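Below is one structure, written out as structure tokens; comments come after it.
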Amino acid sequence: MQKIFILLITILLIPVLTHAQKWKRNRVEYSFGIGATNFLGDLGGANQVGTNGLRDFELQATRMGAVLGYRYQLGESWFVRGNFDYVMVSGDDALTEEPARNSRQLSFRSHLLELSGQLEYMLVKQKSGHLYRLRGVRGKSWFRFEVYVFAGIGGLWYNPQSRNQDGDWVSLKNLNTEGQGLPGGPKDYSGMTVVVPYGLGIRRNLGGSTRQGMWTIGLELSMRKTFSDYIDDVSNVYYDNSAIQAEYGDEAAYFADPSGLYHGLVDDGKGGKIGQQRGDKDDKDAYMMGIISLNYKIGRRRRNLPKF
């Protein structure tokens, strides 16, 4: 009787164990995606005093990005992914009607290169089920959607630029527009920073098999938190513009204060001078991405067995 019971349990568990191992047949996936990006920093933004995060979203600052990815399945619900992203971001004070921000007349663009590793957790999995409800009619189909969340860490390279008076794009980092390298000024920024991507995504199975490979299309929405406040070349306060001009030249002085209003030094109320606010050094830069991707999961072909 005990042997019969063990045999019965084994027979019942075979389908469960077989299904549980299906994910091992297709572990590797490659992806390519394109989409929209939006910068959340010191320049431009909503028609209000600068705020943090999504509250400062400006639709007209939307640009584009592209992603190459490699994804590997660790378990039934867990995936690890490596991404290389190209991102264009921009900001322009002319796009906001908030008087103080608009009067600065600062603007920028930057090409970003991001390399990151991410961990995914599947909230909703694809699964099979009956295609037809008619009695006696056979057929099965996949539930074709999966929903996941992810988070990771990576490195980011950036190079803020702005247009000079001739309309040419000029890199801003070496112009020291906030008085970097001058007495009392901030340190130079490196042009590289740590980035933390996180977000959610949804995918739809387009068809395929474990042997031939599987195609999916996906939509992913994410936020990128960085540890730099200089992606737009704006962070702290104005430095004495005449000192910038004397040390770094006319072009540096122009980009430090293109408004020509000389946002320079003012009394600090203690008998000294302090620079007027140029940016918010306590709010690090961030950017958003919305990516549509095409993904291919490599098939696993059967080995040819010798015939006798």
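Ligands are numbered from 1 in the order shown, residues from 1 within each chain, and chains are lettered A, B, ... in the order they appear in the structure tokens.
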
Tell me, as a PyMOL selection string, which residues lie within 8 Å of Lys173 of chain A, counting only C-alpha atoms; anything in the same chain fewer than 2 positions away does not count. chain A and resi 159-160+171+175-177+189+191+233

Please return as a ChimeraX atom specification: the residues of segment 42-95 of chain A that backbone DSSP assigns to strand (DSSP E). /A:63-73,78-92

Expected answer as a count of residues only: alpha helix (DSSP H) residues in segment 202-295 of chain A: 15

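Closest to Phe79 of chain A among A:Arg55, A:Ala151, A:Arg109, A:Ala94 is A:Ala151, based on only C-alpha atoms.
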
Looking at only C-alpha atoms, which of A:Phe32, A:Tyr248, A:Tyr230, A:Tyr296 is the one that sits closest to Trp215 of chain A?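 Of A:Phe32, A:Tyr248, A:Tyr230, A:Tyr296, the one nearest Trp215 of chain A, counting only C-alpha atoms, is A:Tyr296.
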
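The residue that comes closest to Ile231 of chain A, out of A:Trp78, A:Phe255, A:Tyr86, A:Trp157 and on the basis of only C-alpha atoms, is A:Trp157.
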
Set the distance at 7 Å and use only C-alpha atoms: which residues neighbour Gly117 of chain A once local chain neighbours fewer than 4 positions away are removed? I'd like the list as JSON, numbers by chain. {"A": [81, 82, 83, 152, 153, 154]}

Of the candidates A:Ile298, A:Met122, A:Ile217, A:Met192, which shows the shortest atom-to-atom distance to Arg144 of chain A, using only C-alpha atoms?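 Of A:Ile298, A:Met122, A:Ile217, A:Met192, the one nearest Arg144 of chain A, counting only C-alpha atoms, is A:Ile217.
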
Env of Val67 of chain A: 10 Å cut, atoms = only C-alpha atoms, seq-sep filter 5 positions within chain, self excluded. Answer as a ChimeraX atom specification. /A:31-35,83-87,114-115,291-293

Looking at A:Arg163, A:Arg101, A:Lys24, A:Lys125, which one is nearest to Tyr254 of chain A, with distances taken over only C-alpha atoms?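 With only C-alpha atoms as the atom set, the closest residue is A:Arg163.
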
Just to confirm, what's the straight-line distance from atom CA of Glu220 of chain A to atom CA of Gly299 of chain A in Å (one decimal)?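 These two atoms are separated by 23.7 Å.
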
Near-Phe227 of chain A list (8 Å; only C-alpha atoms; drop same-chain fewer than 4 positions) as JSON, numbers by chain: {"A": [193, 194, 195, 284, 285]}

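Of the residues under consideration (A:Leu206, A:Ala243, A:Leu106, A:Val28), A:Ala243 shows the shortest atom-to-atom contact distance to Leu182 of chain A when counting only C-alpha atoms.
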
Can you pull out the residues contacting Leu261 of chain A? Cut-off 12 Å, using only C-alpha atoms, and skip same-chain residues under 5 positions away; I want them as a list in words. Ala100, Ser103, Arg104, Gln105, Tyr238, Asn241, Ala253, Tyr254, Ala256 and Gln276 of chain A

Using only C-alpha atoms, determine which residues lie at most 10 Å from Lys297 of chain A, disregarding the query and same-chain residues fewer than 6 positions distant; provide the list as a VMD selection string. chain A and resid 26 to 31 70 to 72 208 to 210 212 to 216
